Each structure stands twice: as structure tokens, then as C-alpha cells.
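Reading through the C-alpha cells given below for one structure.
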Amino acid sequence: MSAVTVDQVAEAMFQLVKETHGKKSLKATDLTKAMAEKFGSECTKDVCKLAIRQLMDSGRCIYSYFGGSYITLPPETP
Amino acid sequence: MSEKKRETPLLDELEKGPWPSFVKELKKEAARPMVQDLLGQLERSYEEKVGHWKHGGLVGVMGYGGGVIGRYSDLGEEFPACAEFHTMRINQPAGWFYTSTALRTIADIWDRHGSGVTNMHGSTGDIILLGTKTQELEPTFAELTEHGFDLGGSGSDMRTPSACVGPARCEWACYDTLGAVYDFTMQFQDELHRPAFPYKYKLKFAGCPNDCVASVARSDMSFIGTWRDEIQVDQEQVKAYAASGAIDVQKDVCDRCPTRCMSWDGKTLAIDDVNCVKCMHCINAMPRALAPGNDRGAAILIGAKAPIVGGALLSSVFVPFIKMEPPYEEIKELIGRIWDIWSEHGKNRERVGEFIQRIGLGNFLEQIGLDPVPEMIVAPRANPYIFYQDDVFAQPGEEA
Ligand code: SF4
Ligand code: SF4
């Protein structure tokens, strides 16, 4: 069983998107790489996929397209 | 909303002649303000030789990163009804088979929520619904899913896989293209709806080398039906073709075989199958006499793309032959390994074919754990500065 949960990864991803908002555009692979660095090898690509799905389905994050698909905050997020 | 019908003298030129005209079709719907403004903006583009669409942005439906292409007019004040003119891509049914009810359902939904203008089908294969406003995206999506439709791909994701009609209507199908396209589409739902790649990745399934889905030119990964035993020959039917005078077996068939592996003595058609490259020419020329062999499967090719960033590429052979049987585990694992390496090291907007060219096929094969085979060679090497160890190419009788 994975020591890091999907919820934890989703929260860490959300914080990263929030911190970099307006400064740097992040793609799904950027978030996956950052999570592997933060949580180590137990944070698998599948866990990251589920975390991204959770962020999207909950509406905490959305996709944007500017010559590539990025993960960002919805317009109304402060 | 526009107040009066706009004059479109340049577009009107496109109505002349005997061929179908998209202008003619759009004008039939010009009572809709969105279509009338669309025609107006298009006329302006023809006058100025400048496109007036901006695309991208934040539009989409909840949970999905693909399927909606945001499109905005930069002349929104002048053409307010098409200031927002987003495209929705809907995943087409396998092989593009519809009931008339399904078509009416889609058309009615689009009449209610969009411009009513569609493009059946886009180059990837999707049902394209052209032109709606941001506020209509979620209601359209809700109605479509209620009737069993889903969005297709766009952006940096796996694009909607497509397949030729295959065994449903075509006797040349070497595998079940419809079953395969459905299976892979369902397997990779996450990759279809949640973009995670450097750029788009297209899968196309063609039942035989006639490649009716143009996969060799248009897909990052083509599955082209083929066979590895002998072409089936009905000699009586060959003779009947010859006797009918409709075809000159020597001139029209044998002489046009790209590897000249066929011969005809007026009675018997002989094929040296080892040298047949499965081009389909002879089978297409004499369909009642010839057919693909019985040991059927597919060749997997990789790396095609239409020109956007770095010029067009045709795909090249990657796996010369594989049985196409569900659950396709071996192929899915191979795709997963390709996506891993490309996602990790690919540059933004770099298609997998460009990525392979950049890092070299040898390195790519090593990374994904696939052995090189002669069929992967696109053309003989022209560079003479290659040095082999002698023992690799020992002469007959010598020790290797
Ligand atoms: S690609 Fe081959 S099998 Fe598919 S429809 Fe065309 S001719 Fe038939
Ligand atoms: S399929 Fe093409 S290569 Fe093969 S025998 Fe027929 S014409 Fe020749």
C-alpha cells in the first residue's frame, strides 16, 4: 500500500499551483515530477494521475490551453 | 446581433461552380445571428487576408482538459454574435456508424446550444460542433452525456482514436478495427480527457494497408492490418479477369507490383510472397481473385504528423507484425512505456516522431526496451564513415 495518499498529493499539487500562479505555468508532468521529489518513489505516476483527477473533478483546478495544456486555478480563485 | 444582412461578395465567389460550397451551406443558416456574423467576419478575413480568431484560454467543461477549443473573435464588437465561437469535439462512434436517431439527437442539441453548424468529421475523426458561447458548454455537455456521447481529445492529450469501418463492411480487414478502437479509447480515458503529454498523441486503426484512415500521414501511432503468410489466390478468378479483358494481368498487376514479385504465364499467377511488401495493389486490382493471407494481425508504425511546428512526417515501422487480439496487453504496455519516456523528456509541442528524431531511434528503442529489427530501417544509410568490428560480419566459413 502506498504510504502517500491521493489526498495528500492533491493538496500538495494544489499548493504548488497556487504558489506559482501568475508566475509560472505548470503542466501535468511538472506537477508529477515535483511530487516525486517531495514524496519520493512511493508517489507513483498513478497516484499523481488520481490526484490531478481529484483536483479537476472538484473544480479546485482547471486546465488552460496556451500553445499547450497547463493546470491552473479557476478564474475566481483569490 | 447584426441588424442587417451583410454583403459578402468575396465569399459569394465560393458558391460558383458545380462543387459543394460551405458558403452555400452557411447561408442556409444565416437567419441565425451567430452564422450571419460568422459570414461577416469571414468576408473581412478574405478582404484583409488576415484571420480574426484567437484560440485557447480557459474554456472547458468541469473535470476535462480536452474536447473544447476556445475560440474568440478579435472583432467581437463588430461581430458580437460570434465574439465567442468555441468548438466542441465529440468522440465519434467506432467506424462512424450512426443511427438516424443519434444524428438527429446531436443536431437537436446543437441547435439548442450552439450555432447549428457542424463538421462531420474533423481530421482526427471527431464530430465537430462549431461555435458556441462559454455559458452553453456545460449544458451542451450534460445533454450529450445524457444521450451516451462524450467529448473527444484536444490539447496535449491522447486525441480521439479513430478506425476504418473494418470488418463491419470491408472484406480486407485483417483485424477488428472497431473492437480495437473502442478498447483503446476506454482504456485510456484518463489520457484522453486529462492532458499530460508534451503535445498531442493520435492513435489510428486501419484494417489493411489501404489505410483508409490515413494513419501513415496523420497519427503518432498507426495500427495497420497486415498478414504474414501467403496472399490467397483463386487462379480461376485470375483467368476470368484476364479473359474479360477488363484488366491486363501482366501490365496492370504484375508490372505494377512494387517489388516485382509476381509473374503471370497466361494460366497461373505466381507470387513470391517472401518479397511481397503487402502494398495491396494486386488485391485492389483483382478483388475477386486475391485476398490477404489468413495469418493476420497488424504492423505498428510510429511518428507521423501533419506540418505545424517542424514539417510533415510520415510514420515508420516500429513493430512489423503483432496479433491484434483483446485485451491487447502487450501493446498497451508498449504505449505506456513510450508515453513515459516522451512525457519525461519531450519538449513542449514536440510530437513523438520529432522526439525520436531528436534523441535518435537507437536511444529511444533502448529506453522503451524494444529490440531493433531490419524493418525499422527507412532507407539505407548513405554515410560511408561506419566502422564495424570484423567479428560482427564474419564471412561464410569463418568463425564469428
Ligand atoms: S483500411 Fe482496409 S480494411 Fe479498412 S476500410 Fe480501408 S480497405 Fe477496408
Ligand atoms: S501486395 Fe503489393 S507487393 Fe504484394 S504481391 Fe501484391 S502488388 Fe506485389
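FYI, nothing fancy with the C-alpha cells labels: chains A, B, ... in order, residues from 1 per chain, ligands from 1 as they appear.
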
Using DSSP on the backbone coordinates, identify the residues of chain A assigned to strand (DSSP E or B); present them as a PyMOL selection string. chain A and resi 26+62-65+69-72

Suppose we keep C-alpha atoms; can you now write the selection as a PDB file, in the first residue's frame?
ATOM      1  CA  LEU A  26       2.721  24.133 -14.844  1.00  0.00           C
ATOM      2  CA  ILE A  62      -8.802  23.705 -14.263  1.00  0.00           C
ATOM      3  CA  TYR A  63      -6.920  23.201 -17.494  1.00  0.00           C
ATOM      4  CA  SER A  64      -5.836  26.102 -19.648  1.00  0.00           C
ATOM      5  CA  TYR A  65      -4.555  25.997 -23.193  1.00  0.00           C
ATOM      6  CA  SER A  69      -2.249  22.255 -21.839  1.00  0.00           C
ATOM      7  CA  TYR A  70      -1.492  23.628 -18.381  1.00  0.00           C
ATOM      8  CA  ILE A  71      -3.001  23.174 -14.930  1.00  0.00           C
ATOM      9  CA  THR A  72      -4.090  26.369 -13.265  1.00  0.00           C
TER      10      THR A  72
END

Could you give me, as CSV, every chain B residue with an atom at most 10 Å from chain A, plus its closest atom pair and distance in Å to one decimal, counting only C-alpha atoms, rows ordered by chain then number?
residue,atom,partner,partner_atom,distance
B:His55,CA,A:Phe66,CA,8.2
B:Gly56,CA,A:Tyr65,CA,4.9
B:Gly57,CA,A:Tyr65,CA,5.2
B:Leu58,CA,A:Ser64,CA,4.6
B:Val59,CA,A:Ser64,CA,7.3
B:Gly60,CA,A:Tyr63,CA,7.7
B:Val61,CA,A:Ile62,CA,9.0
B:Met62,CA,A:Asp57,CA,6.4
B:Gly63,CA,A:Asp57,CA,4.4
B:Tyr64,CA,A:Met56,CA,7.1
B:Gly65,CA,A:Tyr63,CA,5.1
B:Gly66,CA,A:Tyr63,CA,8.4
B:Ile69,CA,A:Tyr65,CA,8.5
B:Gly70,CA,A:Tyr65,CA,8.4
B:Ser154,CA,A:Ser69,CA,9.0
B:Gly155,CA,A:Ser69,CA,5.7
B:Ser156,CA,A:Ser69,CA,5.5
B:Asp157,CA,A:Ser69,CA,8.2
B:Asp190,CA,A:Lys49,CA,8.0
B:Glu191,CA,A:Lys49,CA,9.4
B:His193,CA,A:Arg53,CA,9.6
B:Arg194,CA,A:Arg53,CA,7.6
B:Pro195,CA,A:Ser69,CA,6.2
B:Ala196,CA,A:Ala28,CA,5.0
B:Phe197,CA,A:Thr29,CA,7.3
B:Pro198,CA,A:Gly68,CA,7.5
B:Tyr199,CA,A:Gly68,CA,6.8
B:Lys200,CA,A:Gly68,CA,9.1
B:Asp340,CA,A:Lys45,CA,9.3
B:Ser343,CA,A:Thr29,CA,6.7
B:Glu344,CA,A:Thr29,CA,7.1
B:His345,CA,A:Thr29,CA,9.9
B:Asn348,CA,A:Gly68,CA,7.0
B:Arg349,CA,A:Gly68,CA,6.7

Within 12 Å of ligand 1, which residues show up when you count only C-alpha atoms and all ligand atoms? List them as a ChimeraX atom specification, please. /B:95-96,162-178,204-216,222-226,278-281,283-284,287,291-292,296-298

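Of the listed residues (B:Thr124, B:Asn363, B:Thr259, B:Gln357), B:Thr259 comes nearest to ligand 2; the distances count only C-alpha atoms and all ligand atoms.
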
In range 68-165 of chain B, what's helix (DSSP H, G or I) per DSSP? Answer as JSON, numbers by chain? {"B": [80, 81, 82, 94, 95, 96, 100, 101, 102, 103, 104, 105, 106, 107, 108, 109, 110, 111, 112, 113, 134, 135, 136, 137, 138, 139, 140, 141, 142, 143, 144, 145, 146]}

If you keep N, CA and C atoms, can you produce a file of those selected residues as a tab-separated table (two decimals), in the first residue's frame?
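What ended up in result_19.tsv:
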chain	number	residue	atom	x	y	z
B	80	PRO	N	-20.64	40.71	-32.78
B	80	PRO	CA	-20.84	40.26	-31.39
B	80	PRO	C	-21.42	38.85	-31.27
B	81	ALA	N	-22.21	38.43	-32.25
B	81	ALA	CA	-22.84	37.10	-32.10
B	81	ALA	C	-21.81	35.98	-32.19
B	82	CYS	N	-20.66	36.26	-32.81
B	82	CYS	CA	-19.63	35.21	-32.82
B	82	CYS	C	-18.37	35.66	-32.08
B	94	ALA	N	-17.21	4.20	-33.18
B	94	ALA	CA	-16.20	3.44	-33.92
B	94	ALA	C	-16.65	3.26	-35.37
B	95	GLY	N	-15.78	3.62	-36.29
B	95	GLY	CA	-16.08	3.44	-37.72
B	95	GLY	C	-17.13	4.40	-38.25
B	96	TRP	N	-17.54	5.37	-37.44
B	96	TRP	CA	-18.51	6.40	-37.84
B	96	TRP	C	-19.86	5.82	-38.27
B	100	SER	N	-30.02	7.06	-37.49
B	100	SER	CA	-30.54	8.39	-37.83
B	100	SER	C	-31.00	9.10	-36.56
B	101	THR	N	-31.47	8.34	-35.57
B	101	THR	CA	-31.89	8.96	-34.30
B	101	THR	C	-30.71	9.62	-33.61
B	102	ALA	N	-29.56	8.93	-33.64
B	102	ALA	CA	-28.37	9.52	-32.98
B	102	ALA	C	-27.99	10.83	-33.67
B	103	LEU	N	-28.03	10.85	-34.99
B	103	LEU	CA	-27.67	12.07	-35.72
B	103	LEU	C	-28.66	13.21	-35.39
B	104	ARG	N	-29.95	12.85	-35.34
B	104	ARG	CA	-30.95	13.89	-35.01
B	104	ARG	C	-30.74	14.41	-33.60
B	105	THR	N	-30.38	13.51	-32.69
B	105	THR	CA	-30.15	13.91	-31.30
B	105	THR	C	-29.02	14.93	-31.22
B	106	ILE	N	-27.92	14.62	-31.88
B	106	ILE	CA	-26.77	15.55	-31.86
B	106	ILE	C	-27.18	16.88	-32.48
B	107	ALA	N	-27.86	16.81	-33.62
B	107	ALA	CA	-28.24	18.04	-34.32
B	107	ALA	C	-29.19	18.88	-33.46
B	108	ASP	N	-30.13	18.24	-32.79
B	108	ASP	CA	-31.07	18.99	-31.95
B	108	ASP	C	-30.37	19.66	-30.78
B	109	ILE	N	-29.44	18.92	-30.16
B	109	ILE	CA	-28.69	19.50	-29.03
B	109	ILE	C	-27.93	20.74	-29.52
B	110	TRP	N	-27.33	20.60	-30.69
B	110	TRP	CA	-26.51	21.71	-31.19
B	110	TRP	C	-27.39	22.90	-31.66
B	111	ASP	N	-28.56	22.59	-32.15
B	111	ASP	CA	-29.49	23.69	-32.49
B	111	ASP	C	-29.87	24.47	-31.24
B	112	ARG	N	-30.04	23.76	-30.14
B	112	ARG	CA	-30.44	24.45	-28.90
B	112	ARG	C	-29.29	25.23	-28.27
B	113	HIS	N	-28.08	24.70	-28.35
B	113	HIS	CA	-26.99	25.29	-27.57
B	113	HIS	C	-25.89	25.96	-28.40
B	134	THR	N	-19.39	30.38	-24.05
B	134	THR	CA	-18.87	29.73	-22.84
B	134	THR	C	-20.02	29.21	-21.97
B	135	GLN	N	-21.05	30.02	-21.80
B	135	GLN	CA	-22.14	29.62	-20.88
B	135	GLN	C	-22.91	28.39	-21.39
B	136	GLU	N	-22.78	28.08	-22.67
B	136	GLU	CA	-23.50	26.93	-23.22
B	136	GLU	C	-22.71	25.62	-23.15
B	137	LEU	N	-21.45	25.69	-22.75
B	137	LEU	CA	-20.61	24.48	-22.80
B	137	LEU	C	-21.12	23.40	-21.85
B	138	GLU	N	-21.33	23.76	-20.60
B	138	GLU	CA	-21.77	22.73	-19.63
B	138	GLU	C	-23.15	22.16	-19.97
B	139	PRO	N	-24.15	23.02	-20.31
B	139	PRO	CA	-25.44	22.43	-20.69
B	139	PRO	C	-25.36	21.51	-21.91
B	140	THR	N	-24.51	21.88	-22.89
B	140	THR	CA	-24.36	21.01	-24.07
B	140	THR	C	-23.76	19.67	-23.66
B	141	PHE	N	-22.72	19.76	-22.85
B	141	PHE	CA	-22.03	18.55	-22.39
B	141	PHE	C	-23.01	17.66	-21.61
B	142	ALA	N	-23.81	18.28	-20.74
B	142	ALA	CA	-24.76	17.50	-19.94
B	142	ALA	C	-25.75	16.76	-20.84
B	143	GLU	N	-26.24	17.45	-21.85
B	143	GLU	CA	-27.21	16.79	-22.75
B	143	GLU	C	-26.56	15.70	-23.59
B	144	LEU	N	-25.35	15.96	-24.02
B	144	LEU	CA	-24.65	14.95	-24.83
B	144	LEU	C	-24.40	13.68	-24.01
B	145	THR	N	-23.93	13.85	-22.78
B	145	THR	CA	-23.62	12.67	-21.96
B	145	THR	C	-24.91	11.93	-21.59
B	146	GLU	N	-25.99	12.68	-21.43
B	146	GLU	CA	-27.28	12.03	-21.14
B	146	GLU	C	-27.66	11.05	-22.27

Using only C-alpha atoms and all ligand atoms, what are the residues with an atom within 8 Å of ligand 2, set out as a CSV table (one decimal) with all heavy atoms, in the first residue's frame?
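Contents of result04.csv, as written:
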chain,number,residue,atom,x,y,z
B,231,ILE,N,-0.6,-14.5,-49.8
B,231,ILE,CA,-1.8,-13.9,-50.4
B,231,ILE,C,-2.7,-15.1,-50.9
B,231,ILE,O,-2.1,-16.0,-51.5
B,231,ILE,CB,-1.4,-13.0,-51.6
B,231,ILE,CG1,-0.8,-11.7,-51.0
B,231,ILE,CG2,-2.7,-12.6,-52.4
B,231,ILE,CD1,-0.4,-10.7,-52.1
B,253,VAL,N,-1.1,-5.6,-63.3
B,253,VAL,CA,-1.0,-6.1,-62.0
B,253,VAL,C,0.5,-6.4,-61.7
B,253,VAL,O,1.2,-5.8,-60.9
B,253,VAL,CB,-1.8,-7.4,-61.8
B,253,VAL,CG1,-1.7,-7.9,-60.4
B,253,VAL,CG2,-3.3,-7.1,-62.1
B,254,CYS,N,1.1,-7.4,-62.5
B,254,CYS,CA,2.5,-7.8,-62.2
B,254,CYS,C,3.5,-6.7,-62.4
B,254,CYS,O,4.3,-6.5,-61.5
B,254,CYS,CB,2.8,-9.0,-63.1
B,254,CYS,SG,1.8,-10.4,-62.9
B,256,ARG,N,3.1,-3.7,-62.1
B,256,ARG,CA,2.9,-2.6,-61.1
B,256,ARG,C,3.2,-3.0,-59.6
B,256,ARG,O,3.0,-2.2,-58.7
B,256,ARG,CB,1.6,-2.0,-61.2
B,256,ARG,CG,1.4,-1.2,-62.5
B,256,ARG,CD,0.2,-0.4,-62.6
B,256,ARG,NE,0.2,0.4,-63.8
B,256,ARG,CZ,-0.8,1.0,-64.4
B,256,ARG,NH1,-2.0,0.8,-63.8
B,256,ARG,NH2,-0.7,1.7,-65.4
B,257,CYS,N,3.5,-4.3,-59.5
B,257,CYS,CA,3.9,-4.7,-58.1
B,257,CYS,C,5.2,-4.0,-57.8
B,257,CYS,O,6.2,-4.1,-58.5
B,257,CYS,CB,4.1,-6.2,-58.2
B,257,CYS,SG,4.9,-6.9,-56.7
B,258,PRO,N,5.3,-3.3,-56.6
B,258,PRO,CA,6.5,-2.6,-56.3
B,258,PRO,C,7.8,-3.4,-56.2
B,258,PRO,O,8.9,-2.9,-56.4
B,258,PRO,CB,6.1,-1.8,-55.0
B,258,PRO,CG,5.0,-2.6,-54.5
B,258,PRO,CD,4.3,-3.2,-55.6
B,259,THR,N,7.6,-4.7,-55.8
B,259,THR,CA,8.8,-5.5,-55.7
B,259,THR,C,9.0,-6.5,-56.8
B,259,THR,O,9.8,-7.4,-56.7
B,259,THR,CB,8.8,-6.2,-54.3
B,259,THR,OG1,7.6,-7.0,-54.2
B,259,THR,CG2,8.8,-5.3,-53.1
B,260,ARG,N,8.1,-6.4,-57.8
B,260,ARG,CA,8.1,-7.3,-59.0
B,260,ARG,C,8.2,-8.8,-58.5
B,260,ARG,O,9.0,-9.6,-59.0
B,260,ARG,CB,9.3,-7.0,-59.8
B,260,ARG,CG,9.4,-5.6,-60.4
B,260,ARG,CD,8.4,-5.4,-61.5
B,260,ARG,NE,8.6,-4.2,-62.2
B,260,ARG,CZ,8.1,-3.0,-61.8
B,260,ARG,NH1,7.3,-2.9,-60.7
B,260,ARG,NH2,8.3,-1.9,-62.5
B,261,CYS,N,7.3,-9.1,-57.5
B,261,CYS,CA,7.4,-10.5,-57.0
B,261,CYS,C,6.3,-11.3,-57.6
B,261,CYS,O,6.0,-12.4,-57.0
B,261,CYS,CB,7.4,-10.4,-55.5
B,261,CYS,SG,5.8,-10.0,-54.8
B,262,MET,N,5.6,-10.8,-58.7
B,262,MET,CA,4.5,-11.6,-59.2
B,262,MET,C,4.9,-12.0,-60.7
B,262,MET,O,5.6,-11.2,-61.4
B,262,MET,CB,3.2,-10.8,-59.3
B,262,MET,CG,2.9,-10.1,-58.0
B,262,MET,SD,1.4,-9.2,-58.2
B,262,MET,CE,0.2,-10.5,-57.8
B,271,ILE,N,3.1,-15.9,-57.0
B,271,ILE,CA,3.6,-14.8,-56.1
B,271,ILE,C,4.7,-15.3,-55.2
B,271,ILE,O,4.6,-16.3,-54.6
B,271,ILE,CB,2.4,-14.2,-55.2
B,271,ILE,CG1,1.3,-13.8,-56.1
B,271,ILE,CG2,2.9,-13.1,-54.4
B,271,ILE,CD1,0.1,-13.3,-55.3
B,272,ASP,N,5.8,-14.6,-55.3
B,272,ASP,CA,6.9,-14.9,-54.4
B,272,ASP,C,6.6,-14.1,-53.1
B,272,ASP,O,7.1,-13.0,-52.9
B,272,ASP,CB,8.2,-14.4,-55.0
B,272,ASP,CG,9.4,-14.5,-54.1
B,272,ASP,OD1,9.3,-15.2,-53.0
B,272,ASP,OD2,10.4,-13.9,-54.3
B,273,ASP,N,5.9,-14.7,-52.2
B,273,ASP,CA,5.3,-14.0,-51.0
B,273,ASP,C,6.4,-13.4,-50.1
B,273,ASP,O,6.2,-12.5,-49.4
B,273,ASP,CB,4.4,-14.9,-50.2
B,273,ASP,CG,3.0,-15.0,-50.9
B,273,ASP,OD1,2.2,-14.1,-50.7
B,273,ASP,OD2,2.8,-15.9,-51.7
B,275,ASN,N,8.9,-11.8,-50.8
B,275,ASN,CA,9.2,-10.5,-51.3
B,275,ASN,C,8.0,-9.5,-51.4
B,275,ASN,O,8.2,-8.4,-51.9
B,275,ASN,CB,10.0,-10.5,-52.6
B,275,ASN,CG,11.4,-11.0,-52.3
B,275,ASN,OD1,12.1,-10.5,-51.5
B,275,ASN,ND2,11.8,-12.1,-53.0
B,276,CYS,N,6.9,-10.0,-51.0
B,276,CYS,CA,5.7,-9.1,-51.1
B,276,CYS,C,5.7,-8.2,-49.9
B,276,CYS,O,6.0,-8.6,-48.8
B,276,CYS,CB,4.4,-10.0,-51.0
B,276,CYS,SG,2.9,-9.1,-50.6
B,277,VAL,N,5.5,-6.9,-50.2
B,277,VAL,CA,5.6,-5.9,-49.2
B,277,VAL,C,4.2,-5.5,-48.7
B,277,VAL,O,4.0,-4.4,-48.0
B,277,VAL,CB,6.4,-4.6,-49.6
B,277,VAL,CG1,7.9,-5.0,-49.6
B,277,VAL,CG2,5.9,-4.0,-50.9
B,278,LYS,N,3.2,-6.2,-49.1
B,278,LYS,CA,1.8,-6.0,-48.6
B,278,LYS,C,1.3,-4.6,-49.0
B,278,LYS,O,0.7,-4.0,-48.2
B,278,LYS,CB,1.7,-6.2,-47.1
B,278,LYS,CG,1.6,-7.6,-46.7
B,278,LYS,CD,2.9,-8.3,-46.7
B,278,LYS,CE,2.8,-9.7,-46.1
B,278,LYS,NZ,4.0,-10.5,-46.2
B,279,CYS,N,1.5,-4.3,-50.3
B,279,CYS,CA,1.1,-2.9,-50.7
B,279,CYS,C,-0.4,-2.9,-51.0
B,279,CYS,O,-1.0,-1.8,-51.2
B,279,CYS,CB,1.9,-2.4,-51.8
B,279,CYS,SG,1.4,-3.2,-53.4
B,280,MET,N,-1.0,-4.0,-51.3
B,280,MET,CA,-2.5,-4.2,-51.6
B,280,MET,C,-2.8,-3.9,-53.1
B,280,MET,O,-3.9,-4.1,-53.5
B,280,MET,CB,-3.4,-3.3,-50.7
B,280,MET,CG,-3.5,-3.6,-49.3
B,280,MET,SD,-4.3,-5.2,-49.0
B,280,MET,CE,-6.0,-4.9,-49.3
B,281,HIS,N,-1.8,-3.5,-53.9
B,281,HIS,CA,-2.1,-3.2,-55.3
B,281,HIS,C,-2.8,-4.3,-56.0
B,281,HIS,O,-3.8,-4.1,-56.6
B,281,HIS,CB,-0.8,-2.7,-56.0
B,281,HIS,CG,-1.1,-2.7,-57.5
B,281,HIS,ND1,-2.0,-1.8,-58.1
B,281,HIS,CD2,-0.7,-3.5,-58.5
B,281,HIS,CE1,-2.1,-2.1,-59.4
B,281,HIS,NE2,-1.3,-3.1,-59.7
B,282,CYS,N,-2.2,-5.5,-55.9
B,282,CYS,CA,-2.8,-6.6,-56.7
B,282,CYS,C,-4.1,-7.0,-56.2
B,282,CYS,O,-5.0,-7.3,-57.0
B,282,CYS,CB,-1.8,-7.8,-56.7
B,282,CYS,SG,-1.4,-8.4,-55.1
B,283,ILE,N,-4.3,-6.9,-54.9
B,283,ILE,CA,-5.6,-7.3,-54.3
B,283,ILE,C,-6.7,-6.2,-54.7
B,283,ILE,O,-7.8,-6.6,-55.1
B,283,ILE,CB,-5.5,-7.4,-52.8
B,283,ILE,CG1,-4.5,-8.5,-52.4
B,283,ILE,CG2,-6.8,-7.6,-52.1
B,283,ILE,CD1,-4.1,-8.6,-51.0

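Note that CA of Ile368 in chain B and CA of Ile302 in chain B are 13.3 Å apart.
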
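The interatomic distance for the pair CA of Ser21 in chain B and CA of Asn119 in chain B works out to 13.1 Å.
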
Distance in Å - CA of Gly125 in chain B versus CA of Ile90 in chain B: 9.2 Å
